[in-house]
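Containing mmCIF, C-alpha atoms: protein.cif.
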```
data_run
loop_
_atom_site.label_atom_id
_atom_site.label_comp_id
_atom_site.auth_asym_id
_atom_site.auth_seq_id
_atom_site.Cartn_x
_atom_site.Cartn_y
_atom_site.Cartn_z
CA MET A 1 -63.47 278.14 180.29
CA MET A 2 -67.19 278.85 180.62
CA ARG A 3 -67.87 282.55 181.18
CA VAL A 4 -70.58 283.55 183.63
CA LEU A 5 -72.23 286.97 183.74
CA VAL A 6 -73.67 288.05 187.08
CA ALA A 7 -76.17 290.93 186.86
CA ASP A 8 -77.32 292.41 190.16
CA ASP A 9 -77.69 295.97 191.39
CA ASP A 10 -76.97 294.93 194.99
CA PRO A 11 -73.15 295.06 195.43
CA LEU A 12 -73.16 292.73 198.43
CA VAL A 13 -75.22 290.02 196.73
CA CYS A 14 -73.24 290.43 193.50
CA HIS A 15 -69.92 290.08 195.35
CA ALA A 16 -71.09 286.97 197.22
CA VAL A 17 -72.38 285.22 194.08
CA CYS A 18 -69.27 286.11 192.08
CA ALA A 19 -67.00 284.78 194.80
CA LEU A 20 -68.81 281.45 194.76
CA VAL A 21 -68.74 281.22 190.95
CA ARG A 22 -65.00 281.89 190.91
CA ALA A 23 -64.45 279.35 193.68
CA PHE A 24 -66.16 276.72 191.54
CA GLY A 25 -63.66 277.42 188.73
CA TYR A 26 -65.54 279.67 186.30
CA GLU A 27 -64.68 283.05 184.79
CA VAL A 28 -66.99 285.84 185.98
CA LEU A 29 -68.12 289.12 184.43
CA ILE A 30 -70.24 291.64 186.32
CA ALA A 31 -73.11 293.94 185.27
CA GLU A 32 -74.75 296.42 187.61
CA ASP A 33 -78.16 296.32 185.93
CA GLY A 34 -80.10 294.73 183.09
CA LEU A 35 -79.14 297.25 180.42
CA GLN A 36 -75.44 296.88 181.19
CA ALA A 37 -75.85 293.09 181.14
CA TRP A 38 -77.43 293.29 177.67
CA GLU A 39 -74.47 295.33 176.40
CA VAL A 40 -72.03 292.75 177.78
CA ILE A 41 -73.95 289.86 176.21
CA GLN A 42 -73.77 291.48 172.77
CA ARG A 43 -69.98 291.82 172.82
CA GLU A 44 -68.80 288.91 174.98
CA ASN A 45 -69.10 285.14 174.68
CA ILE A 46 -71.33 284.45 177.70
CA ALA A 47 -72.44 280.90 178.46
CA LEU A 48 -74.47 281.52 181.63
CA LEU A 49 -76.37 284.55 182.93
CA ILE A 50 -77.22 284.80 186.63
CA THR A 51 -79.54 287.79 186.90
CA ASP A 52 -81.46 289.42 189.70
CA TRP A 53 -85.21 289.63 189.19
CA GLN A 54 -85.66 293.28 190.16
CA MET A 55 -83.15 295.71 188.62
CA PRO A 56 -83.42 299.30 187.38
CA GLY A 57 -83.73 299.93 183.67
CA LEU A 58 -84.31 296.34 182.61
CA ASP A 59 -85.44 293.68 185.07
CA GLY A 60 -84.40 290.04 185.00
CA PRO A 61 -87.39 288.54 183.13
CA SER A 62 -87.31 291.36 180.56
CA LEU A 63 -83.57 290.82 180.03
CA ILE A 64 -84.09 287.11 179.50
CA ARG A 65 -86.93 287.71 177.05
CA ARG A 66 -84.65 290.03 175.09
CA ILE A 67 -81.95 287.35 175.01
CA ARG A 68 -84.37 284.69 173.79
CA ALA A 69 -85.68 286.95 171.04
CA ALA A 70 -82.22 287.96 169.80
CA PRO A 71 -80.34 286.08 167.01
CA LEU A 72 -77.34 285.37 169.24
CA PRO A 73 -74.66 283.01 167.87
CA HIS A 74 -74.97 280.57 170.77
CA TYR A 75 -77.31 279.55 173.57
CA ILE A 76 -77.10 281.37 176.91
CA SER A 77 -78.34 279.52 179.99
CA CYS A 78 -80.26 281.89 182.26
CA LEU A 79 -80.78 281.68 186.03
CA LEU A 80 -83.09 284.08 187.84
CA LEU A 81 -81.84 285.18 191.24
CA THR A 82 -84.74 286.25 193.45
CA VAL A 83 -86.31 286.33 196.88
CA ARG A 84 -89.62 285.37 195.27
CA ASP A 85 -90.43 281.73 195.92
CA GLN A 86 -94.12 281.60 195.08
CA ARG A 87 -95.31 279.15 192.42
CA THR A 88 -96.70 281.92 190.22
CA ASP A 89 -93.37 283.77 190.39
CA ARG A 90 -91.46 280.66 189.34
CA ILE A 91 -93.84 280.07 186.44
CA HIS A 92 -93.53 283.72 185.38
CA GLY A 93 -89.73 283.48 185.38
CA LEU A 94 -89.71 280.22 183.42
CA ASP A 95 -92.24 281.62 180.92
CA ALA A 96 -89.85 284.54 180.35
CA GLY A 97 -87.28 282.02 179.14
CA ALA A 98 -85.27 281.30 182.30
CA ASP A 99 -83.77 277.81 182.53
CA ASP A 100 -84.00 277.77 186.31
CA TYR A 101 -83.95 280.04 189.33
CA LEU A 102 -82.06 280.49 192.61
CA VAL A 103 -83.60 281.84 195.80
CA LYS A 104 -81.69 284.37 197.88
CA PRO A 105 -79.65 283.83 199.92
CA VAL A 106 -77.93 281.55 197.44
CA ASP A 107 -77.16 278.04 198.64
CA PRO A 108 -73.59 277.18 197.48
CA ASP A 109 -74.47 273.56 196.67
CA GLU A 110 -77.48 274.59 194.59
CA LEU A 111 -75.38 277.12 192.74
CA ARG A 112 -72.66 274.54 192.08
CA ALA A 113 -75.25 272.11 190.69
CA ARG A 114 -76.80 274.77 188.44
CA LEU A 115 -73.34 275.74 187.17
CA ALA A 116 -72.58 272.09 186.38
CA VAL A 117 -75.76 271.82 184.30
CA ALA A 118 -74.93 275.01 182.39
CA SER A 119 -71.38 273.77 181.86
CA ARG A 120 -72.66 270.53 180.31
CA ILE A 121 -74.89 272.50 177.96
CA PHE A 122 -71.96 274.75 177.10
CA ARG A 123 -69.69 271.78 176.29
CA LEU A 124 -72.39 270.01 174.30
CA GLU A 125 -72.97 273.14 172.21
CA GLN A 126 -69.22 273.48 171.64
CA ASP A 127 -69.04 269.84 170.53
CA LEU A 128 -72.01 270.36 168.23
CA ARG A 129 -70.44 273.46 166.64
CA GLU A 130 -67.18 271.59 166.11
CA ALA A 131 -69.05 268.64 164.59
CA ASN A 132 -71.00 270.96 162.29
CA THR A 133 -67.79 272.70 161.25
CA ARG A 134 -66.20 269.36 160.43
CA LEU A 135 -69.29 268.26 158.49
CA GLN A 136 -69.17 271.48 156.48
CA GLU A 137 -65.47 270.94 155.80
CA LEU A 138 -66.19 267.40 154.61
CA ALA A 139 -69.06 268.64 152.43
CA ASN A 140 -66.77 271.26 150.90
CA GLU A 141 -64.08 268.63 150.35
CA PHE A 142 -66.52 266.24 148.67
CA GLN A 143 -67.84 269.07 146.49
CA TYR A 144 -64.28 270.02 145.52
CA GLN A 145 -63.51 266.42 144.59
CA ALA A 146 -66.74 266.21 142.61
CA ASP A 147 -66.02 269.21 140.37
CA HIS A 148 -62.19 269.33 140.21
CA ASP A 149 -59.69 267.32 138.21
CA PRO A 150 -57.45 265.39 140.65
CA LEU A 151 -54.38 265.68 138.39
CA THR A 152 -54.27 269.38 137.54
CA GLY A 153 -56.43 270.86 140.32
CA LEU A 154 -58.51 272.65 137.67
CA PHE A 155 -62.25 272.27 137.33
CA ASN A 156 -63.16 268.99 135.70
CA ARG A 157 -65.64 268.88 132.83
CA GLN A 158 -68.65 268.80 135.15
CA GLY A 159 -67.24 271.65 137.23
CA VAL A 160 -66.37 273.94 134.35
CA VAL A 161 -69.77 273.30 132.73
CA SER A 162 -71.44 274.40 135.97
CA GLN A 163 -69.27 277.52 136.04
CA ALA A 164 -70.10 278.19 132.39
CA HIS A 165 -73.84 278.13 133.08
CA LEU A 166 -73.36 280.55 135.98
CA GLU A 167 -71.36 282.92 133.78
CA LEU A 168 -73.86 282.68 130.95
CA ASN A 169 -76.71 283.57 133.29
CA ARG A 170 -74.68 286.50 134.64
CA ALA A 171 -73.90 287.67 131.11
CA LYS A 172 -77.60 287.62 130.22
CA ARG A 173 -78.49 289.63 133.32
CA THR A 174 -75.79 292.25 132.80
CA GLY A 175 -75.82 292.36 129.01
CA GLN A 176 -72.09 291.70 128.90
CA MET A 177 -70.35 289.33 126.53
CA LEU A 178 -68.91 285.98 127.58
CA ALA A 179 -66.09 284.31 125.68
CA ILE A 180 -64.98 280.72 125.89
CA ALA A 181 -61.71 279.32 124.61
CA LEU A 182 -61.18 275.68 123.78
CA LEU A 183 -57.49 274.70 123.98
CA ASP A 184 -55.77 271.56 122.77
CA ILE A 185 -52.09 270.63 123.28
CA ASP A 186 -50.64 269.96 119.86
CA HIS A 187 -49.25 266.46 119.20
CA PHE A 188 -49.69 265.48 122.84
CA LYS A 189 -49.82 261.79 121.93
CA GLN A 190 -46.19 262.09 120.83
CA VAL A 191 -45.24 263.31 124.31
CA ASN A 192 -46.87 260.27 125.89
CA ASP A 193 -45.39 257.90 123.32
CA ARG A 194 -41.86 259.29 123.62
CA TYR A 195 -41.60 260.09 127.35
CA GLY A 196 -44.32 257.97 128.95
CA HIS A 197 -47.58 258.81 130.66
CA ILE A 198 -45.95 259.99 133.89
CA ILE A 199 -44.15 262.75 131.99
CA GLY A 200 -47.35 263.33 130.06
CA ASP A 201 -49.15 263.96 133.35
CA GLN A 202 -46.40 266.38 134.39
CA ALA A 203 -46.92 268.21 131.10
CA LEU A 204 -50.64 268.57 131.83
CA ILE A 205 -49.89 269.92 135.32
CA HIS A 206 -47.33 272.32 133.80
CA VAL A 207 -49.86 273.61 131.26
CA ALA A 208 -52.53 274.06 133.95
CA SER A 209 -50.12 276.13 136.04
CA LEU A 210 -49.17 278.33 133.08
CA LEU A 211 -52.80 278.94 132.19
CA ARG A 212 -53.57 280.06 135.74
CA SER A 213 -50.62 282.46 135.64
CA VAL A 214 -51.93 284.45 132.66
CA LEU A 215 -55.65 284.44 133.38
CA ARG A 216 -57.51 287.10 135.35
CA SER A 217 -58.76 286.37 138.87
CA TYR A 218 -62.36 286.07 137.67
CA ASP A 219 -61.63 283.86 134.66
CA ARG A 220 -62.30 280.12 134.99
CA VAL A 221 -60.35 277.24 133.51
CA GLY A 222 -61.15 273.54 133.48
CA ARG A 223 -59.83 270.34 132.00
CA TRP A 224 -62.28 269.51 129.25
CA GLY A 225 -60.87 266.04 128.72
CA GLY A 226 -57.51 264.44 127.87
CA GLU A 227 -55.24 267.24 126.69
CA GLU A 228 -58.09 269.70 126.09
CA PHE A 229 -58.91 272.67 128.34
CA LEU A 230 -61.84 275.08 128.40
CA VAL A 231 -61.43 278.67 129.59
CA LEU A 232 -64.25 281.06 130.51
CA LEU A 233 -63.57 284.76 129.93
CA PRO A 234 -66.44 286.85 131.41
CA GLY A 235 -67.12 290.38 130.18
CA THR A 236 -64.69 290.00 127.29
CA SER A 237 -65.15 291.30 123.74
CA VAL A 238 -64.12 289.40 120.63
CA GLU A 239 -60.83 291.28 120.25
CA ALA A 240 -60.00 291.13 123.97
CA SER A 241 -60.72 287.40 124.14
CA CYS A 242 -58.46 286.76 121.13
CA CYS A 243 -55.68 288.76 122.84
CA ILE A 244 -56.04 286.72 126.06
CA ALA A 245 -56.02 283.50 124.06
CA GLU A 246 -52.85 284.64 122.30
CA ARG A 247 -51.22 285.29 125.68
CA MET A 248 -52.12 281.76 126.75
CA ARG A 249 -50.73 280.30 123.55
CA GLU A 250 -47.50 282.30 123.85
CA GLN A 251 -47.05 281.37 127.50
CA ILE A 252 -47.26 277.67 126.66
CA ALA A 253 -44.98 277.99 123.63
CA THR A 254 -42.25 279.91 125.47
CA GLN A 255 -42.24 277.98 128.77
CA PRO A 256 -41.15 274.37 128.10
CA LEU A 257 -41.52 271.63 130.67
CA VAL A 258 -38.14 271.11 132.36
CA LEU A 259 -37.49 267.55 133.54
CA PRO A 260 -35.34 266.65 136.59
CA ASN A 261 -32.47 265.79 134.21
CA HIS A 262 -32.78 269.35 132.80
CA GLN A 263 -34.19 268.06 129.52
CA GLN A 264 -36.79 270.41 128.10
CA ILE A 265 -40.02 269.41 126.39
CA ALA A 266 -41.49 272.09 124.14
CA LEU A 267 -45.28 272.29 124.14
CA GLN A 268 -47.66 274.13 121.84
CA MET A 269 -51.38 274.79 121.81
CA SER A 270 -54.10 275.38 119.29
CA ILE A 271 -56.95 277.54 120.56
CA GLY A 272 -60.45 278.22 119.31
CA VAL A 273 -62.41 281.16 120.73
CA ALA A 274 -66.13 281.93 120.59
CA ASN A 275 -68.17 284.79 122.08
CA THR A 276 -71.83 284.98 123.01
CA SER A 277 -74.08 286.47 120.36
CA ALA A 278 -77.61 286.15 119.03
CA GLU A 279 -76.43 283.12 117.05
CA LEU A 280 -74.57 281.59 120.02
CA PRO A 281 -76.98 282.05 122.93
CA ASP A 282 -76.27 278.91 124.95
CA LEU A 283 -73.37 276.75 126.06
CA ASP A 284 -73.83 274.02 123.47
CA ALA A 285 -73.71 276.56 120.66
CA LEU A 286 -70.68 278.31 122.17
CA VAL A 287 -68.73 275.08 122.62
CA ALA A 288 -69.59 273.96 119.09
CA ALA A 289 -68.39 277.31 117.70
CA ALA A 290 -65.16 277.21 119.75
CA ASP A 291 -64.56 273.63 118.63
CA HIS A 292 -65.06 274.70 115.02
CA ALA A 293 -62.50 277.49 115.50
CA LEU A 294 -60.10 275.04 117.20
CA TYR A 295 -60.38 272.68 114.23
CA ALA A 296 -59.55 275.59 111.93
CA ALA A 297 -56.49 276.44 114.06
CA LYS A 298 -55.22 272.89 113.71
CA HIS A 299 -56.02 272.82 110.00
CA ARG A 300 -54.01 276.02 109.50
CA GLY A 301 -50.86 274.57 111.02
CA ARG A 302 -51.48 274.40 114.81
CA ASN A 303 -49.89 276.57 117.51
CA ARG A 304 -52.27 279.43 116.77
CA VAL A 305 -55.48 281.15 117.87
CA VAL A 306 -58.59 281.29 115.69
CA CYS A 307 -61.70 283.26 116.68
CA TYR A 308 -65.05 282.02 115.44
CA ALA A 309 -66.22 285.57 114.79
CA HIS A 310 -63.29 286.13 112.42
CA LEU A 311 -63.95 282.84 110.66
CA ARG A 312 -67.45 284.01 109.79
CA GLN A 313 -66.05 287.19 108.26
CA THR A 314 -63.82 285.29 105.82
#
```

Is it possible to express this structure as structure tokens?
Amino acid sequence: MMRVLVADDDPLVCHAVCALVRAFGYEVLIAEDGLQAWEVIQRENIALLITDWQMPGLDGPSLIRRIRAAPLPHYISCLLLTVRDQRTDRIHGLDAGADDYLVKPVDPDELRARLAVASRIFRLEQDLREANTRLQELANEFQYQADHDPLTGLFNRQGVVSQAHLELNRAKRTGQMLAIALLDIDHFKQVNDRYGHIIGDQALIHVASLLRSVLRSYDRVGRWGGEEFLVLLPGTSVEASCCIAERMREQIATQPLVLPNHQQIALQMSIGVANTSAELPDLDALVAAADHALYAAKHRGRNRVVCYAHLRQT
């Protein structure tokens, strides 16, 4: 229901106007002067203000000017209630920001018509807000679909690359280290060949869920492609990133995929980890280093973590 604020320091006029507004089916709030009306407007959702011209503290035109200058969340229709009916007075009131005016004593039919106009504006603004909300929801949905993998719900390659650039920029600003881990499910082709691609998809969903369960709230994980995943570990040293990667590997190795027939499929992962440094300043260099470490993990027997920094020390 549209809420109407009536501001008038004359109790008799205020009572008469409020009675008419209620009779026409609107909710009414009352203010005894302009300053009190301004306080009500700041805390209540007011659609229409009916204000007397002359009031103590803050007169009608000044109140309307304050409303028009304020960053209020919605539009407030304003009617000036006055005994002044000269052309210059009307122009002065409209210049102050009033939408219209009513001459005392108020004619009920004129008031009803003005209320109907304000009600249409109120409904149109509501419809516009709802449409904008829906458009924003659709934009968010499209953005989610654009940067998330539909199977696992993780970031897709494009999404995780965008997140990686954000984290790299943050790391450069703060001077903190960023680690990335490149993960590959060992012998995943055998899972697809033996159980079929539907079970293979379930395995990917299972792995994605397990990765989420061991990562910190500010870590990011995405599906890099096929059975490969990329994890971003902000503010993480070489040793800490290797420990987190080991937790991921262990979680996958100790939590098999359980099929509806209670059959269990054991899964394992090889993981390569790289951390930002003078030699690895950008994403391409980091990914190449993590991929090199991942290759070493597979070459050493799979189901293990290899850190690029440790490779360079050997």

Expected residue set, 10 Å radius at (-73.5, 284.5, 120.7), only C-alpha atoms, as a ChimeraX atom specification: /A:177-179,274-283,285-286,289,309

Who sits within 10 Å of A:His292, all atoms listed in the file, same chain under 3 positions skipped, as a PyMOL selection string: chain A and resi 182+272-274+286-289+295-297+306-308+311

Contact residues around A:Ser213 with all atoms listed in the file at 12 Å, ignoring same-chain residues under 2 positions, as a PyMOL selection string: chain A and resi 206-211+215-217+219-221+244+247-248+251-252+255

Top pick for closest residue to A:Asp149, considering A:Ser77, A:Asp8, A:Leu204, A:Ala69 and counting only C-alpha atoms: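 Counting only C-alpha atoms, the residue closest to A:Asp149 is A:Leu204.
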
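Nearest-residue note for A:Asp291: choosing from A:Asp193, A:Asp10, A:Asp147, A:Glu228, the minimum distance belongs to A:Glu228, counting all atoms listed in the file.
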
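Between atom CA of A:Cys242 and atom CA of A:Val305 lies a distance of 7.1 Å.
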
Which of A:Arg173, A:Lys104, A:Lys298, A:Arg114 sits closest to A:His187 [using only C-alpha atoms]: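 When distances to A:His187 are compared using only C-alpha atoms, the smallest one comes from A:Lys298.
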
Please write out, as lines of an AutoDock Vina configuration file, where the centre of an axis-aligned box around all listed atoms of stretch 267-278 of chain A lies and how long its edges are, in Å to one decimal, after adding 3 Å on each side.
```
center_x = -61.4
center_y = 279.4
center_z = 121.6
size_x = 38.3
size_y = 20.2
size_z = 11.1
```

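Separating atom CA of A:Leu35 from atom CA of A:Val21 is a distance of 21.8 Å.
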
Selection dump of the PyMOL selection byres ((chain A and resi 119-123) around 12), as a ChimeraX atom specification: /A:1-4,24-27,45-49,74-78,99,112-118,124-130

Residue IDs satisfying the PyMOL selection byres ((chain A and resi 186) around 6), as a ChimeraX atom specification: /A:185,187-188,268-269

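For the set A:Val258, A:Leu267, A:Leu154, A:Val214, the residue with the smallest atom-to-atom gap to A:Gln190 is A:Leu267, counting all atoms listed in the file.
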
Exercise: A:Asp95 partners within 12 Å, only C-alpha atoms, chain neighbours under 2 positions left out, as a list in words: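 Within the cut-off, the hits are Pro61, Ser62, Ile64, Arg65, Arg68, Leu80, Thr88, Asp89, Arg90, Ile91, His92, Gly93, Gly97, Ala98, Asp99, Asp100 and Tyr101 of chain A.
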
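Proximity ranking of A:Glu137, A:Asp59, A:Asp33, A:Glu167 relative to A:Leu233 places A:Glu167 first, based on all atoms listed in the file.
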
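Distances from A:Gln143, A:Ser237, A:Thr51, A:Ser162 to A:Ile30 were compared using only C-alpha atoms, and the smallest one belongs to A:Thr51.
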
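One finds atom CA of A:Pro234 at 25.9 Å from atom CA of A:Thr254.
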